[in-house]
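Presented below is the structure to which this report refers.
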Amino acid sequence: MNTVPSPKKAAFVTLLGRPSSGKSTLVNQLCGEQVAIVSPVPQTTRNAIRGIVNHNLGQLVLIDTPGVHQSEKKFNRHLTDTAFRAASESDLILYVLDASRAPGPEEEAIADRCRSLVLETETQIPLVVAVNKIDLSSADIDRAVKFINGRFTAMEENRIIPISAQKNEGIDKLLSILFELASPGEAFYPEDYYTDQEMDFRIAEIIRGAAIRFLHQELPHSIYVEVADRELHSPEKNNGADDKILHTQHTLRLWIRAFIICERESQKGMIVGKGGKTIKAIGEISRKELNRIFDWKVDLDLRVKTGKDWRHNDRILQKLLDR
């Protein structure tokens with residue numbers, strides 16, 4: 001007897017949660033590639049970043065949003081607005097809760113806003129909760145589940161999934177429930193895509209991620225990266241070479257000029273480092289990652305300049321958050 005195959009499913013899934021709850025690690029784990037910057041520095045993610053999960057059940061487009069926290073700073077308000085705007089336009093909401101931290105007023109505020117999105121939108125967006133970091137000794141799953149049940153009184157038990165994004169635990173179960181809640185539909189992107197990030201944004205995020213590894217305290221929040229120019233060059237012919245050079249993707253070189261932009265002149269020296277050591281290390285890590293993801297050999301001209309008080313400049317903030 002022939003069986004009719006189940007229709008493929010497709011959905012946009014927005015991840016919400018506090019800073020450092022593990023949303024970016026989870027997106028990278030689900031997509032099988034580094035789509036978003038992962039760092040111990042809170043609020044590393046600044047944009048709604050799309051990662052694409054292709055599965056035999058269908059396709060999920062994951063939207064990794066900035067960590068949500070209570071702050072009156074203009075930049076942080078922009079980040080929070082970005083997160084909840086993405087959630088209000090999605091098919092599913094995936095709330096990521098850090099089981100290693102006790103829920104406090106900030107977590108309560110995020111949960112309440114998630115609840116309003118789920119209950120007050122016309123379509124009543126389905127909610128799934130990933131209780132993350134269960135691999136840590138400080139994790140308290142029962143505390144996390146009790147908190148969720150207290151804020152979402154009608155929450156179905158099978159929609160609360162304990163996971164470790166870092167250790168790849170519980171991921172299959174999480175995917176299963178997300179696809180179960182998704183609607184039948186055609187894939188939004190080709191099956192070989194794992195992100196839809198534009199090239200300049202991808203380059204800038206890779207450089208910013210490398211820079212964060214070497215910068216400390218407040219400085220990672222005081223920088224952004226601007227790709228000023230990029231060109232695709234053919235290789236130069238060596239003496240004695242004939243004209244039969246094949247100009248394929250693998251023989252071309254991608255030249256990039258980019259700037260790490262900080263807020264004050266005093267910060268430039270920290271980014272450059274003694275004898276240019278820090279900026280050189282940032283460039284080397286960035287080139288290595290860029291060479292991995294692009295088909296061309298990458299030449300990176302990386303520099304530093306000042307954009308005075310850019311975090312208070314509405315034009316720059318909007319430009320960064322709209323990328």
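Ordering of the structure tokens sets the chain letters (A, B, ...); residue numbers start at 1 within each chain; ligands are numbered from 1 in the order shown.
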
Residues within 8 Å of range 265-270 of chain A, only C-alpha atoms, excluding chain neighbours under 5 positions, as a VMD selection string
chain A and resid 215 219 278 304 to 306

Please provide the set of residues having any atom within 9 Å of Asp299 in chain A, restricted to only C-alpha atoms, with same-chain residues fewer than 4 positions apart removed, written as an MDAnalysis selection string.
chainID A and resid 253:257 287

Looking only at helix (DSSP H, G or I) from DSSP on the backbone, list the matching residues of range 102-312 of chain A as a compact mmCIF listing (two decimals) with N, CA and C atoms, in the first residue's frame.
# COMPACT_ATOMS: atom_id res chain seq x y z
N PRO A 105 13.31 40.18 38.19
CA PRO A 105 12.39 41.14 37.57
C PRO A 105 12.56 41.28 36.06
N GLU A 106 13.81 41.22 35.60
CA GLU A 106 14.06 41.34 34.16
C GLU A 106 13.46 40.16 33.40
N GLU A 107 13.65 38.95 33.93
CA GLU A 107 13.09 37.76 33.30
C GLU A 107 11.57 37.81 33.32
N GLU A 108 11.02 38.28 34.42
CA GLU A 108 9.57 38.39 34.54
C GLU A 108 9.01 39.35 33.49
N ALA A 109 9.72 40.47 33.27
CA ALA A 109 9.26 41.45 32.29
C ALA A 109 9.28 40.87 30.87
N ILE A 110 10.34 40.10 30.56
CA ILE A 110 10.43 39.47 29.23
C ILE A 110 9.32 38.44 29.06
N ALA A 111 9.12 37.61 30.07
CA ALA A 111 8.08 36.58 30.00
C ALA A 111 6.70 37.21 29.82
N ASP A 112 6.44 38.31 30.54
CA ASP A 112 5.14 38.96 30.44
C ASP A 112 4.93 39.55 29.05
N ARG A 113 6.00 40.08 28.47
CA ARG A 113 5.86 40.65 27.12
C ARG A 113 5.68 39.53 26.09
N CYS A 114 6.37 38.40 26.29
CA CYS A 114 6.15 37.23 25.43
C CYS A 114 4.70 36.78 25.51
N ARG A 115 4.17 36.76 26.74
CA ARG A 115 2.79 36.32 26.94
C ARG A 115 1.82 37.24 26.21
N SER A 116 2.10 38.54 26.23
CA SER A 116 1.22 39.48 25.53
C SER A 116 1.29 39.26 24.03
N LEU A 117 2.46 38.91 23.50
CA LEU A 117 2.58 38.62 22.07
C LEU A 117 1.79 37.38 21.71
N VAL A 118 1.85 36.39 22.58
CA VAL A 118 1.18 35.12 22.31
C VAL A 118 -0.34 35.27 22.41
N LEU A 119 -0.82 36.02 23.39
CA LEU A 119 -2.25 36.09 23.66
C LEU A 119 -2.97 37.22 22.94
N GLU A 120 -2.26 38.34 22.69
CA GLU A 120 -2.95 39.53 22.20
C GLU A 120 -2.87 39.71 20.69
N ILE A 141 16.56 23.04 36.58
CA ILE A 141 15.49 22.87 35.60
C ILE A 141 14.12 23.03 36.26
N ASP A 142 13.96 22.46 37.45
CA ASP A 142 12.67 22.56 38.14
C ASP A 142 12.30 24.01 38.41
N ARG A 143 13.27 24.81 38.81
CA ARG A 143 13.02 26.23 39.08
C ARG A 143 12.56 26.94 37.80
N ALA A 144 13.24 26.63 36.69
CA ALA A 144 12.90 27.25 35.42
C ALA A 144 11.50 26.86 34.96
N VAL A 145 11.18 25.57 35.06
CA VAL A 145 9.86 25.09 34.63
C VAL A 145 8.76 25.70 35.51
N LYS A 146 9.01 25.79 36.82
CA LYS A 146 8.05 26.40 37.73
C LYS A 146 7.79 27.85 37.36
N PHE A 147 8.86 28.56 36.99
CA PHE A 147 8.72 29.96 36.58
C PHE A 147 7.85 30.07 35.33
N ILE A 148 8.11 29.22 34.35
CA ILE A 148 7.35 29.26 33.10
C ILE A 148 5.88 28.94 33.36
N ASN A 149 5.62 27.92 34.14
CA ASN A 149 4.24 27.56 34.44
C ASN A 149 3.51 28.66 35.20
N GLY A 150 4.28 29.43 35.98
CA GLY A 150 3.67 30.54 36.72
C GLY A 150 3.32 31.72 35.84
N ARG A 151 4.09 31.94 34.77
CA ARG A 151 3.83 33.07 33.87
C ARG A 151 2.92 32.69 32.72
N GLU A 157 2.87 21.06 28.53
CA GLU A 157 4.12 20.52 29.07
C GLU A 157 5.12 20.18 27.98
N ASN A 158 4.64 19.68 26.84
CA ASN A 158 5.57 19.26 25.79
C ASN A 158 6.20 20.43 25.04
N ARG A 159 5.76 21.65 25.36
CA ARG A 159 6.36 22.83 24.72
C ARG A 159 7.46 23.45 25.57
N ILE A 171 18.23 18.96 21.34
CA ILE A 171 18.01 19.73 20.12
C ILE A 171 17.02 19.03 19.19
N ASP A 172 17.13 17.71 19.07
CA ASP A 172 16.20 16.98 18.20
C ASP A 172 14.76 17.11 18.69
N LYS A 173 14.56 17.03 19.99
CA LYS A 173 13.22 17.18 20.55
C LYS A 173 12.68 18.58 20.31
N LEU A 174 13.56 19.58 20.44
CA LEU A 174 13.16 20.96 20.19
C LEU A 174 12.74 21.16 18.73
N LEU A 175 13.54 20.63 17.81
CA LEU A 175 13.20 20.73 16.40
C LEU A 175 11.86 20.04 16.11
N SER A 176 11.66 18.91 16.73
CA SER A 176 10.44 18.14 16.50
C SER A 176 9.19 18.95 16.86
N ILE A 177 9.20 19.62 18.00
CA ILE A 177 8.03 20.39 18.42
C ILE A 177 7.86 21.64 17.56
N LEU A 178 8.97 22.25 17.13
CA LEU A 178 8.87 23.43 16.26
C LEU A 178 8.23 23.06 14.92
N PHE A 179 8.67 21.94 14.36
CA PHE A 179 8.07 21.51 13.09
C PHE A 179 6.62 21.06 13.28
N GLU A 180 6.33 20.50 14.43
CA GLU A 180 4.94 20.09 14.71
C GLU A 180 4.01 21.29 14.70
N LEU A 181 4.49 22.43 15.21
CA LEU A 181 3.67 23.64 15.29
C LEU A 181 3.69 24.46 14.00
N MET A 199 26.39 40.18 2.05
CA MET A 199 27.84 39.99 2.18
C MET A 199 28.49 41.01 3.12
N ASP A 200 28.18 42.29 2.96
CA ASP A 200 28.83 43.30 3.80
C ASP A 200 28.48 43.11 5.27
N PHE A 201 27.23 42.73 5.56
CA PHE A 201 26.83 42.48 6.95
C PHE A 201 27.59 41.29 7.50
N ARG A 202 27.70 40.24 6.71
CA ARG A 202 28.40 39.03 7.15
C ARG A 202 29.87 39.34 7.45
N ILE A 203 30.50 40.09 6.56
CA ILE A 203 31.91 40.46 6.75
C ILE A 203 32.06 41.28 8.03
N ALA A 204 31.19 42.29 8.20
CA ALA A 204 31.28 43.16 9.37
C ALA A 204 31.08 42.39 10.67
N GLU A 205 30.14 41.44 10.69
CA GLU A 205 29.88 40.66 11.90
C GLU A 205 31.05 39.73 12.23
N ILE A 206 31.69 39.18 11.22
CA ILE A 206 32.85 38.31 11.47
C ILE A 206 33.99 39.12 12.07
N ILE A 207 34.21 40.31 11.55
CA ILE A 207 35.28 41.17 12.09
C ILE A 207 34.93 41.61 13.51
N ARG A 208 33.68 42.00 13.72
CA ARG A 208 33.27 42.43 15.07
C ARG A 208 33.39 41.29 16.07
N GLY A 209 33.03 40.08 15.63
CA GLY A 209 33.17 38.93 16.51
C GLY A 209 34.62 38.67 16.89
N ALA A 210 35.53 38.82 15.92
CA ALA A 210 36.96 38.65 16.20
C ALA A 210 37.45 39.74 17.14
N ALA A 211 36.98 40.97 16.95
CA ALA A 211 37.42 42.08 17.79
C ALA A 211 36.98 41.88 19.24
N ILE A 212 35.77 41.37 19.43
CA ILE A 212 35.24 41.16 20.78
C ILE A 212 36.13 40.20 21.58
N LEU A 219 34.28 48.21 26.14
CA LEU A 219 34.74 48.51 24.78
C LEU A 219 34.01 47.74 23.69
N PRO A 220 33.67 46.44 23.85
CA PRO A 220 32.94 45.76 22.77
C PRO A 220 31.64 46.44 22.38
N HIS A 221 30.98 47.12 23.34
CA HIS A 221 29.74 47.81 23.04
C HIS A 221 30.00 49.17 22.38
N SER A 222 31.25 49.61 22.39
CA SER A 222 31.59 50.93 21.86
C SER A 222 32.11 50.87 20.44
N GLU A 265 38.91 58.79 20.77
CA GLU A 265 40.29 58.65 20.31
C GLU A 265 41.09 57.76 21.24
N SER A 266 40.81 57.83 22.55
CA SER A 266 41.56 57.04 23.52
C SER A 266 41.36 55.54 23.33
N GLN A 267 40.25 55.15 22.67
CA GLN A 267 39.96 53.73 22.45
C GLN A 267 40.73 53.16 21.26
N LYS A 268 41.17 54.01 20.36
CA LYS A 268 41.86 53.55 19.17
C LYS A 268 43.12 52.76 19.53
N GLY A 269 43.87 53.29 20.51
CA GLY A 269 45.11 52.63 20.90
C GLY A 269 44.86 51.25 21.48
N MET A 270 43.75 51.07 22.17
CA MET A 270 43.42 49.77 22.75
C MET A 270 43.13 48.75 21.64
N ILE A 271 42.47 49.22 20.57
CA ILE A 271 42.13 48.32 19.48
C ILE A 271 43.35 48.00 18.63
N VAL A 272 44.19 49.00 18.40
CA VAL A 272 45.41 48.78 17.61
C VAL A 272 46.40 47.91 18.38
N LYS A 274 49.78 47.43 21.21
CA LYS A 274 51.19 47.80 21.16
C LYS A 274 51.83 47.26 19.89
N GLY A 275 52.40 48.18 19.11
CA GLY A 275 53.03 47.79 17.85
C GLY A 275 52.06 47.20 16.83
N GLY A 276 50.76 47.52 17.00
CA GLY A 276 49.75 46.99 16.08
C GLY A 276 49.40 45.54 16.31
N LYS A 277 49.77 45.00 17.48
CA LYS A 277 49.60 43.57 17.74
C LYS A 277 48.13 43.15 17.77
N THR A 278 47.27 43.95 18.41
CA THR A 278 45.87 43.56 18.56
C THR A 278 45.13 43.62 17.23
N ILE A 279 45.28 44.71 16.49
CA ILE A 279 44.58 44.82 15.21
C ILE A 279 45.06 43.75 14.23
N LYS A 280 46.32 43.39 14.33
CA LYS A 280 46.85 42.33 13.47
C LYS A 280 46.20 40.98 13.81
N ALA A 281 46.05 40.71 15.11
CA ALA A 281 45.43 39.45 15.53
C ALA A 281 43.95 39.40 15.12
N ILE A 282 43.26 40.53 15.27
CA ILE A 282 41.85 40.59 14.85
C ILE A 282 41.75 40.32 13.35
N GLY A 283 42.65 40.92 12.59
CA GLY A 283 42.65 40.72 11.14
C GLY A 283 42.92 39.28 10.74
N GLU A 284 43.86 38.63 11.44
CA GLU A 284 44.20 37.24 11.11
C GLU A 284 43.02 36.30 11.37
N ILE A 285 42.36 36.47 12.51
CA ILE A 285 41.20 35.64 12.83
C ILE A 285 40.07 35.88 11.84
N SER A 286 39.86 37.16 11.50
CA SER A 286 38.80 37.51 10.55
C SER A 286 39.07 36.90 9.19
N ARG A 287 40.30 37.00 8.71
CA ARG A 287 40.65 36.45 7.39
C ARG A 287 40.44 34.94 7.36
N LYS A 288 40.82 34.28 8.44
CA LYS A 288 40.67 32.82 8.50
C LYS A 288 39.21 32.42 8.35
N GLU A 289 38.30 33.12 9.06
CA GLU A 289 36.88 32.80 8.99
C GLU A 289 36.30 33.20 7.63
N LEU A 290 36.72 34.34 7.10
CA LEU A 290 36.23 34.78 5.79
C LEU A 290 36.67 33.82 4.69
N ASN A 291 37.89 33.33 4.78
CA ASN A 291 38.38 32.35 3.80
C ASN A 291 37.59 31.05 3.89
N ARG A 292 37.09 30.74 5.07
CA ARG A 292 36.33 29.49 5.25
C ARG A 292 34.96 29.58 4.60
N ILE A 293 34.31 30.73 4.69
CA ILE A 293 32.93 30.82 4.22
C ILE A 293 32.80 31.30 2.78
N TRP A 310 28.85 57.65 18.64
CA TRP A 310 27.96 57.09 17.62
C TRP A 310 26.73 56.42 18.22
N ARG A 311 26.82 55.95 19.47
CA ARG A 311 25.67 55.28 20.08
C ARG A 311 24.52 56.23 20.41
N HIS A 312 24.78 57.54 20.26
CA HIS A 312 23.73 58.54 20.48
C HIS A 312 23.30 59.19 19.18

Nearest to Thr14 in chain A, chosen from A:Ala182, A:Ala130, A:Leu30, A:Ile63, with only C-alpha atoms counted in the distances:
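The closest residue to Thr14 in chain A is A:Ile63.
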
I'd like the contact shell of Leu136 in chain A - 10 Å cut-off, only C-alpha atoms, skipping same-chain residues fewer than 5 positions apart - returned as a compact mmCIF listing (two decimals) with N, CA, C and O atoms, in the first residue's frame.
# COMPACT_ATOMS: atom_id res chain seq x y z
N ALA A 99 18.71 28.28 32.47
CA ALA A 99 18.40 27.53 33.69
C ALA A 99 19.42 27.73 34.79
O ALA A 99 19.18 27.38 35.95
N SER A 100 20.58 28.30 34.45
CA SER A 100 21.63 28.47 35.45
C SER A 100 21.47 29.76 36.26
O SER A 100 22.20 30.00 37.21
N SER A 164 20.69 21.78 26.07
CA SER A 164 22.02 22.41 26.16
C SER A 164 22.44 22.72 24.74
O SER A 164 22.81 21.82 23.99

From a backbone DSSP assignment, name each residue in range 63-225 of chain A labelled strand (DSSP E), as JSON, numbers by chain.
{"A": [63, 64, 92, 93, 94, 95, 96, 97, 98, 127, 128, 129, 130, 131, 132, 160, 161, 162, 183, 184, 224, 225]}

Would you compute the distance between CA of Lys9 in chain A and CA of Asn56 in chain A? Give it in Å to one decimal.
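CA of Lys9 in chain A sits 9.4 Å away from CA of Asn56 in chain A.
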
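Look at Glu186 in chain A: the protein and nucleic acid residues within 10 Å of it, using only C-alpha atoms and passing over chain neighbours fewer than 5 places away, are Pro7, Lys8, Lys9, Ala10, Ala11, Gly58 and Gln59 of chain A.
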
Hey, can you check how far CA of Val298 in chain A sits from CA of Ala228 in chain A?
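Separating CA of Val298 in chain A from CA of Ala228 in chain A is a distance of 15.1 Å.
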
Between CA of Thr195 in chain A and CA of Gly307 in chain A, what is the distance in Å, rounded to a tenth?
29.4 Å
